[in-house]
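*Asks:* Once you've had a glance at the structure underneath, I'll fire off some questions.
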Amino acid sequence: QMNVSYQDVGVGIRALPLLQGDVLSPASGSGHGLTAAYYRGGTWSGEPAVTRVDASVDIHGLPAPELGQAAFSFGPPKLSWSARWTGTLTPPSSGDYMFSLDGAGMASLRIDGRSVVRFEKVNFRTTAFGSAHLTAGTPVKLELEHSNDYAVLGSALHLGWEAPHPEKMAAAMQAAKSADIAIVFAGEQL
């Protein structure tokens with residue numbers, strides 16, 4: 001007779017759940033979220049076309065009509081724009097947090113000035129991951145920059161995160177230690 005146990009650990013290779021809610025405070029403005037400055041052109045220069053508080057970064061298409069008229073193409077974007085989101089993130093628990101950026105073009109996430117995850121000159125949608133050790137209740141400065149230059153098939157950007165789950169790793173380690181055979185699937189899509 002064979003007994004089989006399964007322990008789910010890690011984040012896989014899909015975009016993480018959306019970073020949103022009362023853990024985010026904008027650099028300016030009120031409510032929960034991040035201060036967003038949207039620029040005409042891909043280089044964050046000049047005066048922003050629009051500044052507002054975004055509850056999350058979850059873009060599918062042109063995020064603001066003030067940027068111009070979007071035109072779909074199978075080549076480089078016809079309408080170039082960029083954005084910068086700023087604010088603070090107050091983690092609910094201590095540990096290693098995972099972050100994901102899912103999209104195309106260029107994106108760079110910095111936490112307290114340290115680069116956590118980024119991608120550059122990406123034509124088609126991709127997902128990139130990074131991690132940061134955060135302390136419960138201690139706010140950290142969050143800055144995300146994005147340019148849709150190089151993005152084919154329209155603008156897209158999703159900022160996700162996953163809180164630490166040390167109990168999952170402990171359970172997986174215990175299951176492996178007590179097993180006759182341990183099989184590990186890395187990068188599994190669930």
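Please note that chains go A, B, ... in the order of the structure tokens, that every chain numbers its residues from 1, and that ligands are numbered from 1 in the order shown.
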Applying 7 Å and only C-alpha atoms, which residues near Ala136 (chain A) remain after dropping the ones on its own chain fewer than 5 positions away? List them as a ChimeraX atom specification.
*Replies:* /A:91-94
*Asks:* Save the residues we just selected, C-alpha atoms, as a PDB file, in the first residue's frame?
*Replies:*
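Saved as selection_27.pdb:
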```
ATOM      1  CA  PRO A  91       3.403  44.840   5.317  1.00  0.00           C
ATOM      2  CA  PRO A  92       1.020  42.941   7.610  1.00  0.00           C
ATOM      3  CA  SER A  93       3.645  40.345   8.623  1.00  0.00           C
ATOM      4  CA  SER A  94       7.411  39.924   8.627  1.00  0.00           C
TER       5      SER A  94
END
```
*Asks:* When you look at region 122-134 of chain A with a cut-off of 6 Å (counting only C-alpha atoms), what residues show up, excluding the ones that are within fewer than 6 positions of it in the same chain? I need them as a PyMOL selection string.
*Replies:* chain A and resi 94-105+116+150-152
*Asks:* Take the residues from that selection and write them out as an mmCIF file, in the first residue's frame, keeping N, CA, C and O atoms.
*Replies:*
```
data_model
loop_
_atom_site.group_PDB
_atom_site.id
_atom_site.type_symbol
_atom_site.label_atom_id
_atom_site.label_comp_id
_atom_site.auth_asym_id
_atom_site.auth_seq_id
_atom_site.Cartn_x
_atom_site.Cartn_y
_atom_site.Cartn_z
ATOM 1 N N SER A 94 5.983 39.882 8.953
ATOM 2 C CA SER A 94 7.411 39.924 8.627
ATOM 3 C C SER A 94 7.795 38.704 7.803
ATOM 4 O O SER A 94 7.250 37.619 7.997
ATOM 5 N N GLY A 95 8.741 38.904 6.889
ATOM 6 C CA GLY A 95 9.250 37.792 6.104
ATOM 7 C C GLY A 95 9.577 38.198 4.692
ATOM 8 O O GLY A 95 9.621 39.387 4.354
ATOM 9 N N ASP A 96 9.797 37.186 3.841
ATOM 10 C CA ASP A 96 10.151 37.403 2.445
ATOM 11 C C ASP A 96 8.892 37.446 1.591
ATOM 12 O O ASP A 96 8.193 36.435 1.458
ATOM 13 N N TYR A 97 8.608 38.610 1.036
ATOM 14 C CA TYR A 97 7.458 38.815 0.158
ATOM 15 C C TYR A 97 7.885 38.607 -1.282
ATOM 16 O O TYR A 97 8.982 39.008 -1.674
ATOM 17 N N MET A 98 7.031 38.007 -2.078
ATOM 18 C CA MET A 98 7.266 37.863 -3.511
ATOM 19 C C MET A 98 6.449 38.929 -4.238
ATOM 20 O O MET A 98 5.314 39.225 -3.840
ATOM 21 N N PHE A 99 7.027 39.483 -5.298
ATOM 22 C CA PHE A 99 6.351 40.480 -6.132
ATOM 23 C C PHE A 99 6.430 40.024 -7.584
ATOM 24 O O PHE A 99 7.414 39.407 -7.997
ATOM 25 N N SER A 100 5.391 40.338 -8.355
ATOM 26 C CA SER A 100 5.417 40.024 -9.787
ATOM 27 C C SER A 100 5.005 41.250 -10.581
ATOM 28 O O SER A 100 4.176 42.048 -10.148
ATOM 29 N N LEU A 101 5.639 41.398 -11.730
ATOM 30 C CA LEU A 101 5.236 42.373 -12.740
ATOM 31 C C LEU A 101 4.859 41.573 -13.968
ATOM 32 O O LEU A 101 5.666 40.789 -14.474
ATOM 33 N N ASP A 102 3.643 41.758 -14.434
ATOM 34 C CA ASP A 102 3.137 41.032 -15.591
ATOM 35 C C ASP A 102 2.746 42.073 -16.625
ATOM 36 O O ASP A 102 1.902 42.936 -16.347
ATOM 37 N N GLY A 103 3.368 42.029 -17.796
ATOM 38 C CA GLY A 103 3.040 43.010 -18.823
ATOM 39 C C GLY A 103 4.071 43.016 -19.930
ATOM 40 O O GLY A 103 4.790 42.050 -20.143
ATOM 41 N N ALA A 104 4.130 44.147 -20.633
ATOM 42 C CA ALA A 104 5.064 44.310 -21.744
ATOM 43 C C ALA A 104 5.610 45.734 -21.705
ATOM 44 O O ALA A 104 5.129 46.579 -20.958
ATOM 45 N N GLY A 105 6.616 45.986 -22.536
ATOM 46 C CA GLY A 105 7.271 47.290 -22.536
ATOM 47 C C GLY A 105 8.417 47.274 -21.551
ATOM 48 O O GLY A 105 9.278 46.404 -21.571
ATOM 49 N N VAL A 116 13.673 45.558 -7.067
ATOM 50 C CA VAL A 116 13.136 44.268 -6.635
ATOM 51 C C VAL A 116 12.799 43.392 -7.837
ATOM 52 O O VAL A 116 13.111 42.212 -7.861
ATOM 53 N N TYR A 150 7.877 49.520 -26.899
ATOM 54 C CA TYR A 150 8.228 48.134 -27.248
ATOM 55 C C TYR A 150 7.077 47.153 -27.043
ATOM 56 O O TYR A 150 7.167 46.014 -27.464
ATOM 57 N N ALA A 151 6.011 47.564 -26.362
ATOM 58 C CA ALA A 151 4.895 46.640 -26.117
ATOM 59 C C ALA A 151 4.062 46.492 -27.384
ATOM 60 O O ALA A 151 3.512 47.457 -27.889
ATOM 61 N N VAL A 152 3.987 45.274 -27.890
ATOM 62 C CA VAL A 152 3.162 44.967 -29.049
ATOM 63 C C VAL A 152 1.822 44.459 -28.514
ATOM 64 O O VAL A 152 1.763 43.854 -27.462
#
```
*Asks:* Within region 15-152 of chain A, find each residue whose DSSP state, derived from the backbone, is strand (DSSP E or B), and express the selection as a PyMOL selection string.
*Replies:* chain A and resi 18+24-26+34-40+50-54+58-60+81-89+95-111+114-134+140-147
*Asks:* Which distance in Å separates CA of Tyr38 (chain A) and CA of Gly68 (chain A), to one decimal?
*Replies:*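 Result for CA of Tyr38 (chain A) versus CA of Gly68 (chain A): 11.3 Å, one decimal.
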*Asks:* Kindly give the distance, in Å, that separates CA of Gly31 (chain A) and CA of Arg118 (chain A), rounded to a single decimal.
*Replies:*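 Pair CA of Gly31 (chain A) / CA of Arg118 (chain A) returns 26.9 Å.
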*Asks:* Skip Lys141 (chain A) itself and residues of its chain fewer than 4 positions away, then list as a PDB file with C-alpha atoms, in the first residue's frame all residues within 12 Å of it, counting only C-alpha atoms.
*Replies:*
```pdb
ATOM      1  CA  VAL A  23      -1.573  48.192   2.920  1.00  0.00           C
ATOM      2  CA  LEU A  24      -0.987  50.902   0.270  1.00  0.00           C
ATOM      3  CA  SER A  25      -0.849  54.645   0.983  1.00  0.00           C
ATOM      4  CA  PRO A  26      -0.378  57.155  -1.853  1.00  0.00           C
ATOM      5  CA  ALA A  27       2.558  59.592  -1.820  1.00  0.00           C
ATOM      6  CA  LEU A  34      -0.599  54.650  -5.086  1.00  0.00           C
ATOM      7  CA  THR A  35      -0.149  58.127  -6.543  1.00  0.00           C
ATOM      8  CA  TRP A  85       3.362  55.112  -9.192  1.00  0.00           C
ATOM      9  CA  THR A  86       4.601  56.161  -5.729  1.00  0.00           C
ATOM     10  CA  GLY A  87       3.530  55.552  -2.171  1.00  0.00           C
ATOM     11  CA  THR A  88       4.169  53.352   0.819  1.00  0.00           C
ATOM     12  CA  LEU A  89       3.493  49.695   1.493  1.00  0.00           C
ATOM     13  CA  THR A  90       2.925  48.617   5.103  1.00  0.00           C
ATOM     14  CA  PRO A  91       3.403  44.840   5.317  1.00  0.00           C
ATOM     15  CA  LEU A 109       9.659  48.104  -9.097  1.00  0.00           C
ATOM     16  CA  ARG A 110      11.834  49.618  -6.349  1.00  0.00           C
ATOM     17  CA  ILE A 111      11.233  49.220  -2.630  1.00  0.00           C
ATOM     18  CA  ASP A 112      13.095  51.702  -0.412  1.00  0.00           C
ATOM     19  CA  GLY A 113      15.241  52.513  -3.462  1.00  0.00           C
ATOM     20  CA  ARG A 114      16.292  48.886  -4.086  1.00  0.00           C
ATOM     21  CA  SER A 115      15.394  47.253  -7.389  1.00  0.00           C
ATOM     22  CA  LEU A 134       9.831  43.259   4.932  1.00  0.00           C
TER      23      LEU A 134
END
```
*Asks:* Within 10 Å of region 43-57 of chain A, counting only C-alpha atoms, which residues show up once you throw out same-chain ones fewer than 4 positions away? Write them as JSON, numbers by chain, please.
*Replies:* {"A": [18, 19, 20, 21, 22, 24, 25, 26, 27, 28, 29, 30, 31, 32, 33, 34, 35, 36, 37, 38, 39, 63, 64, 65, 66, 67, 68, 80, 81, 82, 83, 84, 85, 86, 87, 101, 144, 145, 146, 147, 148, 149, 156, 157, 158, 159, 160]}
*Asks:* Would you compute the distance between CA of Ser5 (chain A) and CA of Ala182 (chain A)? Give it in Å to one decimal.
*Replies:* 9.6 Å
*Asks:* Let me make sure I understand: among A:Met2, A:Lys121, A:Gln69, A:Met106, which one has the smallest atom-to-atom distance to Asp180 (chain A) if we use only C-alpha atoms?
*Replies:*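 With only C-alpha atoms as the atom set, the closest residue is A:Met2.
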